[in-house]
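S.K.: Just structure_25.tsv, nothing more (TSV, C-alpha atoms):
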```tsv
chain	number	residue	atom	x	y	z
V	19	TYR	CA	-32.57	31.09	-77.89
V	20	ARG	CA	-28.96	32.06	-77.19
V	21	ALA	CA	-26.01	33.58	-79.04
V	22	ASP	CA	-23.74	30.56	-78.50
V	23	TRP	CA	-26.33	28.02	-79.65
V	24	ALA	CA	-24.08	26.49	-82.33
V	25	GLU	CA	-21.26	25.92	-79.84
V	26	CYS	CA	-23.65	24.41	-77.28
V	27	ALA	CA	-25.56	22.16	-79.69
V	28	PHE	CA	-23.26	19.16	-79.31
V	29	VAL	CA	-23.17	19.57	-75.52
V	30	PHE	CA	-26.97	19.57	-75.39
V	31	LEU	CA	-27.12	16.58	-77.75
V	32	GLU	CA	-24.69	14.61	-75.61
V	33	ARG	CA	-26.73	15.48	-72.54
V	34	ALA	CA	-29.96	14.31	-74.21
V	35	LEU	CA	-28.41	11.04	-75.41
V	36	GLY	CA	-27.05	10.39	-71.93
V	37	TRP	CA	-30.51	10.90	-70.42
V	38	ARG	CA	-32.09	8.56	-72.97
V	39	GLU	CA	-29.55	5.88	-72.06
V	40	GLU	CA	-29.96	6.42	-68.31
V	41	VAL	CA	-33.76	6.26	-68.39
V	42	GLY	CA	-33.90	3.53	-71.03
V	43	VAL	CA	-36.09	5.61	-73.32
V	44	GLY	CA	-35.12	3.56	-76.38
V	45	ARG	CA	-36.74	0.48	-74.84
V	46	LEU	CA	-40.01	2.14	-73.85
V	47	VAL	CA	-41.94	1.59	-77.08
V	48	ARG	CA	-41.14	-2.12	-77.12
V	49	ASP	CA	-41.61	-2.45	-73.37
V	50	PRO	CA	-44.22	0.11	-72.18
V	51	PRO	CA	-44.29	1.26	-68.55
V	52	LEU	CA	-46.42	-0.75	-66.14
V	53	ASP	CA	-50.16	-0.02	-66.02
V	54	ARG	CA	-50.14	1.82	-69.33
V	55	ALA	CA	-53.85	1.23	-69.92
V	56	LEU	CA	-54.67	2.73	-66.53
V	57	PHE	CA	-52.42	5.73	-67.17
V	58	GLU	CA	-54.17	6.44	-70.48
V	59	GLU	CA	-57.49	6.29	-68.65
V	60	VAL	CA	-56.31	8.68	-65.93
V	61	CYS	CA	-54.44	11.06	-68.27
V	62	PRO	CA	-56.24	10.83	-71.64
V	63	SER	CA	-54.37	11.96	-74.75
V	64	GLY	CA	-53.98	10.83	-78.34
V	65	PRO	CA	-53.71	11.78	-82.04
V	66	VAL	CA	-56.88	13.32	-83.49
V	67	GLY	CA	-56.03	14.73	-86.95
V	68	PHE	CA	-53.73	16.90	-89.05
V	69	ASP	CA	-53.32	20.58	-89.87
V	70	ARG	CA	-53.11	22.07	-93.37
V	71	ASP	CA	-49.32	21.77	-93.34
V	72	GLY	CA	-49.44	18.09	-92.48
V	73	HIS	CA	-48.50	18.33	-88.80
V	74	VAL	CA	-50.03	15.70	-86.53
V	75	VAL	CA	-52.68	17.13	-84.20
V	76	LEU	CA	-52.77	15.71	-80.68
V	77	CYS	CA	-55.38	16.21	-77.99
V	78	GLU	CA	-54.75	16.18	-74.26
V	79	ARG	CA	-57.83	16.20	-72.05
V	80	ILE	CA	-56.19	17.90	-69.11
V	81	GLY	CA	-59.55	18.69	-67.53
V	82	GLN	CA	-60.28	14.96	-67.32
V	83	THR	CA	-57.03	14.09	-65.56
V	84	ASP	CA	-58.09	12.11	-62.49
V	85	VAL	CA	-55.70	13.65	-59.97
V	86	GLY	CA	-56.67	11.32	-57.11
V	87	ARG	CA	-56.16	8.12	-59.10
V	88	LEU	CA	-53.01	9.51	-60.70
V	89	PHE	CA	-51.23	9.89	-57.35
V	90	GLU	CA	-52.78	6.72	-55.97
V	91	HIS	CA	-51.25	4.55	-58.69
V	92	PHE	CA	-48.27	6.44	-60.14
V	93	ALA	CA	-45.14	7.72	-58.41
V	94	GLU	CA	-43.21	10.66	-59.87
V	95	GLU	CA	-40.69	8.47	-61.69
V	96	SER	CA	-43.48	6.36	-63.18
V	97	TYR	CA	-45.36	9.47	-64.34
V	98	ILE	CA	-42.26	10.73	-66.14
V	99	GLN	CA	-41.73	7.34	-67.79
V	100	HIS	CA	-45.31	7.28	-69.06
V	101	GLN	CA	-44.99	10.83	-70.43
V	102	ALA	CA	-41.71	9.84	-72.11
V	103	TYR	CA	-43.46	6.81	-73.63
V	104	THR	CA	-46.15	9.09	-75.05
V	105	ARG	CA	-43.52	11.34	-76.64
V	106	GLU	CA	-41.59	8.39	-78.03
V	107	VAL	CA	-44.69	6.98	-79.73
V	108	ALA	CA	-45.53	10.48	-81.01
V	109	ARG	CA	-41.99	10.68	-82.42
V	110	LEU	CA	-42.54	7.42	-84.32
V	111	TYR	CA	-45.96	8.68	-85.41
V	112	ASN	CA	-44.28	11.80	-86.83
V	113	ALA	CA	-41.70	9.68	-88.65
V	114	ALA	CA	-44.42	7.59	-90.27
V	115	ASN	CA	-46.39	10.74	-91.15
V	116	SER	CA	-43.29	12.35	-92.69
V	117	LYS	CA	-42.58	9.28	-94.77
V	118	ALA	CA	-46.19	9.12	-95.99
V	119	LYS	CA	-46.19	12.80	-96.97
V	120	GLY	CA	-42.64	12.81	-98.34
V	121	ARG	CA	-41.39	15.71	-96.20
V	122	ARG	CA	-39.98	16.31	-92.75
V	123	LEU	CA	-42.73	16.98	-90.18
V	124	TYR	CA	-41.34	16.71	-86.67
V	125	LYS	CA	-43.52	19.24	-84.85
V	126	VAL	CA	-47.05	18.65	-83.57
V	127	VAL	CA	-50.13	20.75	-82.86
V	128	TYR	CA	-51.70	20.34	-79.42
V	129	VAL	CA	-55.37	20.81	-78.64
V	130	LEU	CA	-55.58	21.10	-74.85
V	131	ASP	CA	-59.13	20.37	-73.72
V	132	LEU	CA	-59.74	21.84	-70.25
V	133	ARG	CA	-63.38	20.82	-69.87
V	134	GLY	CA	-63.79	19.54	-66.32
V	135	MET	CA	-60.78	21.42	-64.96
V	136	GLY	CA	-61.22	22.49	-61.34
V	137	VAL	CA	-59.36	23.36	-58.17
V	138	ALA	CA	-58.16	19.75	-57.88
V	139	HIS	CA	-55.96	20.46	-60.91
V	140	LEU	CA	-54.24	23.26	-58.95
V	141	ASN	CA	-52.93	20.64	-56.53
V	142	LYS	CA	-49.39	21.69	-55.54
V	143	ARG	CA	-48.05	18.18	-56.08
V	144	LEU	CA	-49.52	18.04	-59.59
V	145	LEU	CA	-48.25	21.53	-60.49
V	146	SER	CA	-44.78	20.61	-59.22
V	147	LEU	CA	-44.83	17.48	-61.38
V	148	ILE	CA	-45.97	19.44	-64.45
V	149	LYS	CA	-43.17	21.92	-63.86
V	150	GLU	CA	-40.59	19.15	-63.62
V	151	VAL	CA	-41.80	17.47	-66.80
V	152	ASN	CA	-41.83	20.81	-68.64
V	153	GLU	CA	-38.24	21.51	-67.63
V	154	LEU	CA	-37.07	17.97	-68.34
V	155	PHE	CA	-38.71	17.56	-71.72
V	156	GLY	CA	-37.78	21.09	-72.73
V	157	TRP	CA	-34.23	19.78	-72.80
V	158	TYR	CA	-34.83	16.32	-74.20
V	159	TYR	CA	-37.70	16.92	-76.66
V	160	PRO	CA	-36.91	20.47	-77.85
V	161	GLU	CA	-38.67	22.26	-80.70
V	162	THR	CA	-41.36	19.61	-81.08
V	163	VAL	CA	-44.47	21.83	-80.79
V	164	TYR	CA	-45.85	23.91	-83.64
V	165	GLN	CA	-48.90	25.38	-81.88
V	166	PHE	CA	-51.07	24.99	-78.77
V	167	TYR	CA	-54.83	25.56	-78.85
V	168	ILE	CA	-56.68	25.68	-75.53
V	169	ILE	CA	-60.39	24.90	-75.61
V	170	ASN	CA	-63.18	24.76	-73.01
V	171	ALA	CA	-61.16	26.85	-70.55
V	172	PRO	CA	-63.00	27.47	-67.23
V	173	LEU	CA	-62.43	30.47	-64.98
V	174	VAL	CA	-59.94	28.53	-62.88
V	175	PHE	CA	-57.66	28.41	-65.93
V	176	ARG	CA	-56.69	32.05	-65.33
V	177	THR	CA	-55.22	31.08	-61.98
V	178	ALA	CA	-53.53	28.00	-63.42
V	179	TRP	CA	-52.03	29.99	-66.30
V	180	SER	CA	-50.67	32.66	-63.96
V	181	ILE	CA	-48.78	29.88	-62.14
V	182	ILE	CA	-47.63	27.90	-65.18
V	183	LYS	CA	-46.74	30.65	-67.68
V	184	PRO	CA	-43.54	31.78	-65.86
V	185	TRP	CA	-42.16	28.24	-66.27
V	186	ILE	CA	-42.53	28.36	-70.05
V	187	HIS	CA	-39.99	29.89	-72.41
V	188	PRO	CA	-41.40	33.09	-73.99
V	189	ILE	CA	-41.07	31.64	-77.50
V	190	THR	CA	-43.12	28.61	-76.44
V	191	ALA	CA	-45.64	30.74	-74.51
V	192	ALA	CA	-46.28	32.73	-77.71
V	193	LYS	CA	-47.53	29.52	-79.36
V	194	PHE	CA	-50.57	29.32	-77.04
V	195	ALA	CA	-53.98	30.45	-78.28
V	196	VAL	CA	-57.07	30.31	-76.05
V	197	LEU	CA	-60.20	29.67	-78.10
V	198	GLY	CA	-63.75	30.51	-77.08
V	199	GLY	CA	-67.01	28.66	-77.55
V	200	ASP	CA	-66.54	28.73	-81.34
V	201	TRP	CA	-63.37	26.65	-81.06
V	202	ARG	CA	-64.49	24.18	-83.73
V	203	LYS	CA	-64.83	27.05	-86.23
V	204	ARG	CA	-61.49	28.52	-85.12
V	205	LEU	CA	-59.71	25.19	-85.53
V	206	ASP	CA	-61.23	24.83	-88.97
V	207	GLN	CA	-60.05	28.33	-89.89
V	208	ALA	CA	-56.56	27.34	-88.69
V	209	GLY	CA	-56.62	24.49	-91.20
V	210	ILE	CA	-57.04	21.70	-88.67
V	211	SER	CA	-58.87	18.62	-89.88
V	212	LEU	CA	-60.12	16.40	-87.06
V	213	THR	CA	-60.52	12.72	-87.81
V	214	GLY	CA	-64.25	12.06	-88.04
V	215	GLY	CA	-64.95	15.81	-88.09
V	216	ASP	CA	-64.81	16.34	-84.32
V	217	LEU	CA	-62.94	15.32	-81.20
V	218	PRO	CA	-63.88	11.73	-80.30
V	219	ARG	CA	-65.57	10.87	-77.01
V	220	ARG	CA	-62.68	8.52	-76.28
V	221	LEU	CA	-59.22	9.49	-77.47
V	222	PRO	CA	-57.10	6.94	-79.36
V	223	SER	CA	-54.74	4.88	-77.22
V	224	TRP	CA	-51.04	5.64	-77.70
V	225	LYS	CA	-50.23	2.01	-76.96
V	226	ALA	CA	-52.65	0.87	-79.66
V	227	GLU	CA	-51.16	3.43	-82.07
V	228	ALA	CA	-47.67	2.09	-81.34
V	229	GLU	CA	-48.81	-1.47	-82.07
V	230	ARG	CA	-50.44	-0.33	-85.32
V	231	LEU	CA	-47.30	1.50	-86.44
V	232	LEU	CA	-45.09	-1.50	-85.70
V	233	GLU	CA	-47.31	-3.73	-87.82
V	234	ARG	CA	-46.30	-1.61	-90.84
V	235	GLU	CA	-42.70	-0.62	-90.06
V	236	THR	CA	-39.93	-1.91	-87.83
V	237	LEU	CA	-39.08	0.03	-84.70
V	238	GLU	CA	-35.52	0.41	-85.95
V	239	THR	CA	-36.68	2.03	-89.21
V	240	LEU	CA	-39.09	4.43	-87.52
V	241	SER	CA	-36.55	5.33	-84.84
V	242	LEU	CA	-34.23	6.67	-87.53
V	243	GLY	CA	-36.81	9.36	-88.28
V	244	TYR	CA	-37.23	10.78	-91.76
V	245	MET	CA	-34.86	12.71	-94.00
V	246	PRO	CA	-35.93	14.00	-97.46
V	247	HIS	CA	-34.17	12.36	-100.41
V	248	ASP	CA	-32.53	15.64	-101.42
V	249	ASP	CA	-30.95	15.95	-97.98
V	250	LEU	CA	-29.72	12.37	-98.12
V	251	ALA	CA	-28.26	12.93	-101.59
V	252	SER	CA	-26.43	16.07	-100.44
V	253	LEU	CA	-24.76	13.95	-97.76
V	254	GLY	CA	-23.94	11.18	-100.19
V	255	ILE	CA	-26.34	8.75	-98.49
V	256	GLN	CA	-28.48	6.38	-100.51
V	257	ALA	CA	-32.18	6.56	-99.61
V	258	PRO	CA	-33.52	3.31	-98.15
V	259	GLY	CA	-35.84	1.18	-100.25
```
Show me this structure written as structure tokens.
M.R.:
Amino acid sequence: YRADWAECAFVFLERALGWREEVGVGRLVRDPPLDRALFEEVCPSGPVGFDRDGHVVLCERIGQTDVGRLFEHFAEESYIQHQAYTREVARLYNAANSKAKGRRLYKVVYVLDLRGMGVAHLNKRLLSLIKEVNELFGWYYPETVYQFYIINAPLVFRTAWSIIKPWIHPITAAKFAVLGGDWRKRLDQAGISLTGGDLPRRLPSWKAEAERLLERETLETLSLGYMPHDDLASLGIQAPG
């Protein structure tokens, strides 16, 4: 992204760690934000499969975001906390996936389902919030996306994209692919395997996924992430268990 990236890396890392401490991100998985079940109903998202390289595939049903209920029940700070919770659980999900497959897989594939998207989703308050989250998480969850696939895009998407695209780094914007009515075939050609063979009517709950993960591994173990044995050996670190 920049010529002085190596020199800035530690500055950016310190900034990210400071934000995590300030917001209390490390406590979110054990202590989810209030009204998590309602948030997942209003802003549905969840893991739905894997691609041929082993990356976790996530789906966000942006077109089903209930804008009215979102702003009725969630203030800006609360919205950011819930989105951070989602990313923290996804981070643990990636760690568990990496361990199961025996290789580092920290990026995810997003399927963005826009079915139901309308002018309500061009609400200035919502767009401002999306912009803020994009900027914030661009700093604190960098390089975590492998590919975006947009499906069921209505005509209003063109307007939305013209507003949102300038906020997105060109390298990230290049990862977006808009699929047509044959999106299932296109996803299959891209090597994406959806659990159950298709997107579910109801997406898995991130809170339920977190509880399932923590039945198998401790939060402390998953929070460490995953490092291949060869990398550990090169650093003179003994692989756990």
S.K.: For Lys117 of chain V, which of V:Lys225, V:Arg87, V:Arg33, V:His247 is the closest residue, counting only C-alpha atoms?
M.R.: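 Smallest separation from Lys117 of chain V among the options: V:His247.
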S.K.: Within 12 Å of Arg38 of chain V, counting only C-alpha atoms, which residues qualify if same-chain residues fewer than 2 places away don't, as a list in words?
M.R.: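 Near Arg38 of chain V, the qualifying residues are Leu31, Glu32, Arg33, Ala34, Leu35, Gly36, Glu40, Val41, Gly42, Val43, Gly44, Arg45, Leu46, Gln99, Ala102, Tyr103, Glu106, Leu154, Phe155, Trp157, Tyr158 and Tyr159 of chain V.
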S.K.: In Å, with one decimal, what is the gap from atom CA of Arg70 of chain V to atom CA of Val163 of chain V?
M.R.: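 We find that atom CA of Arg70 of chain V and atom CA of Val163 of chain V lie 15.3 Å from each other.
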S.K.: If we count all atoms listed in the file, what is near segment 173-181 of chain V at a cut-off of 9 Å, once residues fewer than 2 positions away on the same chain are taken out, given as an mmCIF file with C-alpha atoms, keeping the file's coordinate frame?
M.R.:
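Full text of out-v3.cif as output:
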```cif
data_model
loop_
_atom_site.group_PDB
_atom_site.id
_atom_site.type_symbol
_atom_site.label_atom_id
_atom_site.label_comp_id
_atom_site.auth_asym_id
_atom_site.auth_seq_id
_atom_site.Cartn_x
_atom_site.Cartn_y
_atom_site.Cartn_z
ATOM 1 C CA LEU V 132 -59.740 21.840 -70.250
ATOM 2 C CA MET V 135 -60.780 21.420 -64.960
ATOM 3 C CA GLY V 136 -61.220 22.490 -61.340
ATOM 4 C CA VAL V 137 -59.360 23.360 -58.170
ATOM 5 C CA HIS V 139 -55.960 20.460 -60.910
ATOM 6 C CA LEU V 140 -54.240 23.260 -58.950
ATOM 7 C CA LEU V 145 -48.250 21.530 -60.490
ATOM 8 C CA ALA V 171 -61.160 26.850 -70.550
ATOM 9 C CA LYS V 183 -46.740 30.650 -67.680
ATOM 10 C CA PRO V 184 -43.540 31.780 -65.860
ATOM 11 C CA TRP V 185 -42.160 28.240 -66.270
#
```
S.K.: Name the residues within 12 Å of (-44.7, 8.3, -61.0), counting all atoms listed in the file in the file's coordinates, and put them as an mmCIF file with C-alpha atoms, in the coordinates of the input.
M.R.:
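Saved result, result.cif, follows:
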```
data_model
loop_
_atom_site.group_PDB
_atom_site.id
_atom_site.type_symbol
_atom_site.label_atom_id
_atom_site.label_comp_id
_atom_site.auth_asym_id
_atom_site.auth_seq_id
_atom_site.Cartn_x
_atom_site.Cartn_y
_atom_site.Cartn_z
ATOM 1 C CA PRO V 51 -44.290 1.260 -68.550
ATOM 2 C CA LEU V 52 -46.420 -0.750 -66.140
ATOM 3 C CA ASP V 53 -50.160 -0.020 -66.020
ATOM 4 C CA ARG V 54 -50.140 1.820 -69.330
ATOM 5 C CA PHE V 57 -52.420 5.730 -67.170
ATOM 6 C CA ARG V 87 -56.160 8.120 -59.100
ATOM 7 C CA LEU V 88 -53.010 9.510 -60.700
ATOM 8 C CA PHE V 89 -51.230 9.890 -57.350
ATOM 9 C CA GLU V 90 -52.780 6.720 -55.970
ATOM 10 C CA HIS V 91 -51.250 4.550 -58.690
ATOM 11 C CA PHE V 92 -48.270 6.440 -60.140
ATOM 12 C CA ALA V 93 -45.140 7.720 -58.410
ATOM 13 C CA GLU V 94 -43.210 10.660 -59.870
ATOM 14 C CA GLU V 95 -40.690 8.470 -61.690
ATOM 15 C CA SER V 96 -43.480 6.360 -63.180
ATOM 16 C CA TYR V 97 -45.360 9.470 -64.340
ATOM 17 C CA ILE V 98 -42.260 10.730 -66.140
ATOM 18 C CA GLN V 99 -41.730 7.340 -67.790
ATOM 19 C CA HIS V 100 -45.310 7.280 -69.060
ATOM 20 C CA GLN V 101 -44.990 10.830 -70.430
ATOM 21 C CA ALA V 102 -41.710 9.840 -72.110
ATOM 22 C CA ARG V 143 -48.050 18.180 -56.080
ATOM 23 C CA LEU V 144 -49.520 18.040 -59.590
ATOM 24 C CA LEU V 147 -44.830 17.480 -61.380
ATOM 25 C CA ILE V 148 -45.970 19.440 -64.450
ATOM 26 C CA GLU V 150 -40.590 19.150 -63.620
ATOM 27 C CA VAL V 151 -41.800 17.470 -66.800
#
```
S.K.: Could you name the residues that touch Gly156 of chain V at 10 Å or less, counting all atoms listed in the file, but leaving out those on the same chain fewer than 4 positions away, as a PDB file with C-alpha atoms, in the coordinates of the input?
M.R.:
```pdb
ATOM      1  CA  GLU V 150     -40.590  19.150 -63.620  1.00  0.00           C
ATOM      2  CA  VAL V 151     -41.800  17.470 -66.800  1.00  0.00           C
ATOM      3  CA  ASN V 152     -41.830  20.810 -68.640  1.00  0.00           C
ATOM      4  CA  PRO V 160     -36.910  20.470 -77.850  1.00  0.00           C
ATOM      5  CA  GLU V 161     -38.670  22.260 -80.700  1.00  0.00           C
ATOM      6  CA  THR V 162     -41.360  19.610 -81.080  1.00  0.00           C
ATOM      7  CA  ILE V 186     -42.530  28.360 -70.050  1.00  0.00           C
ATOM      8  CA  HIS V 187     -39.990  29.890 -72.410  1.00  0.00           C
ATOM      9  CA  THR V 190     -43.120  28.610 -76.440  1.00  0.00           C
TER      10      THR V 190
END
```
S.K.: Find the distance between atom CA of Arg230 of chain V and atom CA of Gly243 of chain V and write it in Å to one decimal.
M.R.: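 One can read the atom CA of Arg230 of chain V to atom CA of Gly243 of chain V distance as 17.0 Å.
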S.K.: As an exercise, work out the distance from atom CA of Ala55 of chain V to atom CA of Arg105 of chain V in Å and give it to one decimal place.
M.R.: 15.9 Å
S.K.: Between V:Ala226, V:Ile189, V:Ala195, V:Leu110, which one has atoms that come closest to Leu240 of chain V, using all atoms listed in the file?
M.R.: V:Leu110
S.K.: Output segment 173-184 of chain V with all heavy atoms present, as a compact mmCIF listing (two decimals), keeping the file's coordinate frame.
M.R.:
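Final file, out.txt:
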```
# COMPACT_ATOMS: atom_id res chain seq x y z
N LEU V 173 -63.00 29.31 -65.65
CA LEU V 173 -62.43 30.47 -64.98
C LEU V 173 -61.16 30.14 -64.21
O LEU V 173 -60.24 30.95 -64.13
CB LEU V 173 -63.47 31.08 -64.03
CG LEU V 173 -64.64 31.81 -64.69
CD1 LEU V 173 -65.63 32.28 -63.63
CD2 LEU V 173 -64.15 32.99 -65.53
N VAL V 174 -61.10 28.91 -63.67
CA VAL V 174 -59.94 28.53 -62.88
C VAL V 174 -58.67 28.49 -63.72
O VAL V 174 -57.55 28.53 -63.20
CB VAL V 174 -60.18 27.17 -62.18
CG1 VAL V 174 -60.11 26.02 -63.19
CG2 VAL V 174 -59.18 26.94 -61.06
N PHE V 175 -58.83 28.43 -65.05
CA PHE V 175 -57.66 28.41 -65.93
C PHE V 175 -56.81 29.66 -65.76
O PHE V 175 -55.58 29.61 -65.87
CB PHE V 175 -58.10 28.27 -67.39
CG PHE V 175 -56.98 28.52 -68.37
CD1 PHE V 175 -55.93 27.62 -68.48
CD2 PHE V 175 -56.98 29.67 -69.15
CE1 PHE V 175 -54.89 27.87 -69.37
CE2 PHE V 175 -55.94 29.92 -70.04
CZ PHE V 175 -54.89 29.02 -70.15
N ARG V 176 -57.45 30.81 -65.49
CA ARG V 176 -56.69 32.05 -65.33
C ARG V 176 -55.67 31.91 -64.19
O ARG V 176 -54.52 32.34 -64.31
CB ARG V 176 -57.63 33.22 -65.04
CG ARG V 176 -58.55 33.57 -66.20
CD ARG V 176 -59.40 34.78 -65.84
NE ARG V 176 -60.31 35.14 -66.93
CZ ARG V 176 -61.16 36.15 -66.88
NH1 ARG V 176 -61.22 36.91 -65.79
NH2 ARG V 176 -61.95 36.42 -67.91
N THR V 177 -56.12 31.29 -63.11
CA THR V 177 -55.22 31.08 -61.98
C THR V 177 -54.11 30.11 -62.36
O THR V 177 -52.93 30.33 -62.07
CB THR V 177 -55.99 30.54 -60.76
OG1 THR V 177 -57.02 31.47 -60.42
CG2 THR V 177 -55.06 30.33 -59.58
N ALA V 178 -54.51 29.00 -63.01
CA ALA V 178 -53.53 28.00 -63.42
C ALA V 178 -52.48 28.59 -64.36
O ALA V 178 -51.28 28.35 -64.23
CB ALA V 178 -54.23 26.82 -64.09
N TRP V 179 -52.94 29.40 -65.32
CA TRP V 179 -52.03 29.99 -66.30
C TRP V 179 -51.06 30.97 -65.65
O TRP V 179 -49.88 31.04 -66.02
CB TRP V 179 -52.83 30.67 -67.40
CG TRP V 179 -52.00 31.23 -68.53
CD1 TRP V 179 -51.94 32.53 -68.93
CD2 TRP V 179 -51.15 30.50 -69.42
NE1 TRP V 179 -51.09 32.66 -70.01
CE2 TRP V 179 -50.59 31.44 -70.33
CE3 TRP V 179 -50.79 29.17 -69.53
CZ2 TRP V 179 -49.70 31.07 -71.33
CZ3 TRP V 179 -49.90 28.78 -70.53
CH2 TRP V 179 -49.36 29.74 -71.41
N SER V 180 -51.54 31.71 -64.65
CA SER V 180 -50.67 32.66 -63.96
C SER V 180 -49.55 31.93 -63.22
O SER V 180 -48.46 32.48 -63.01
CB SER V 180 -51.48 33.51 -62.97
OG SER V 180 -51.95 32.73 -61.88
N ILE V 181 -49.80 30.68 -62.82
CA ILE V 181 -48.78 29.88 -62.14
C ILE V 181 -47.84 29.24 -63.14
O ILE V 181 -46.61 29.24 -62.96
CB ILE V 181 -49.45 28.77 -61.28
CG1 ILE V 181 -50.30 29.41 -60.18
CG2 ILE V 181 -48.40 27.84 -60.69
CD1 ILE V 181 -51.16 28.40 -59.42
N ILE V 182 -48.41 28.70 -64.23
CA ILE V 182 -47.63 27.90 -65.18
C ILE V 182 -46.84 28.74 -66.17
O ILE V 182 -45.71 28.40 -66.54
CB ILE V 182 -48.59 26.94 -65.93
CG1 ILE V 182 -49.17 25.92 -64.95
CG2 ILE V 182 -47.87 26.23 -67.07
CD1 ILE V 182 -50.28 25.08 -65.53
N LYS V 183 -47.38 29.87 -66.62
CA LYS V 183 -46.74 30.65 -67.68
C LYS V 183 -45.29 31.02 -67.38
O LYS V 183 -44.44 30.95 -68.28
CB LYS V 183 -47.56 31.91 -67.98
CG LYS V 183 -47.04 32.66 -69.20
CD LYS V 183 -47.92 33.87 -69.53
CE LYS V 183 -47.37 34.62 -70.75
NZ LYS V 183 -48.21 35.81 -71.07
N PRO V 184 -44.94 31.42 -66.13
CA PRO V 184 -43.54 31.78 -65.86
C PRO V 184 -42.56 30.62 -66.07
O PRO V 184 -41.35 30.86 -66.22
CB PRO V 184 -43.57 32.22 -64.39
CG PRO V 184 -44.97 32.67 -64.17
CD PRO V 184 -45.81 31.74 -64.98
```
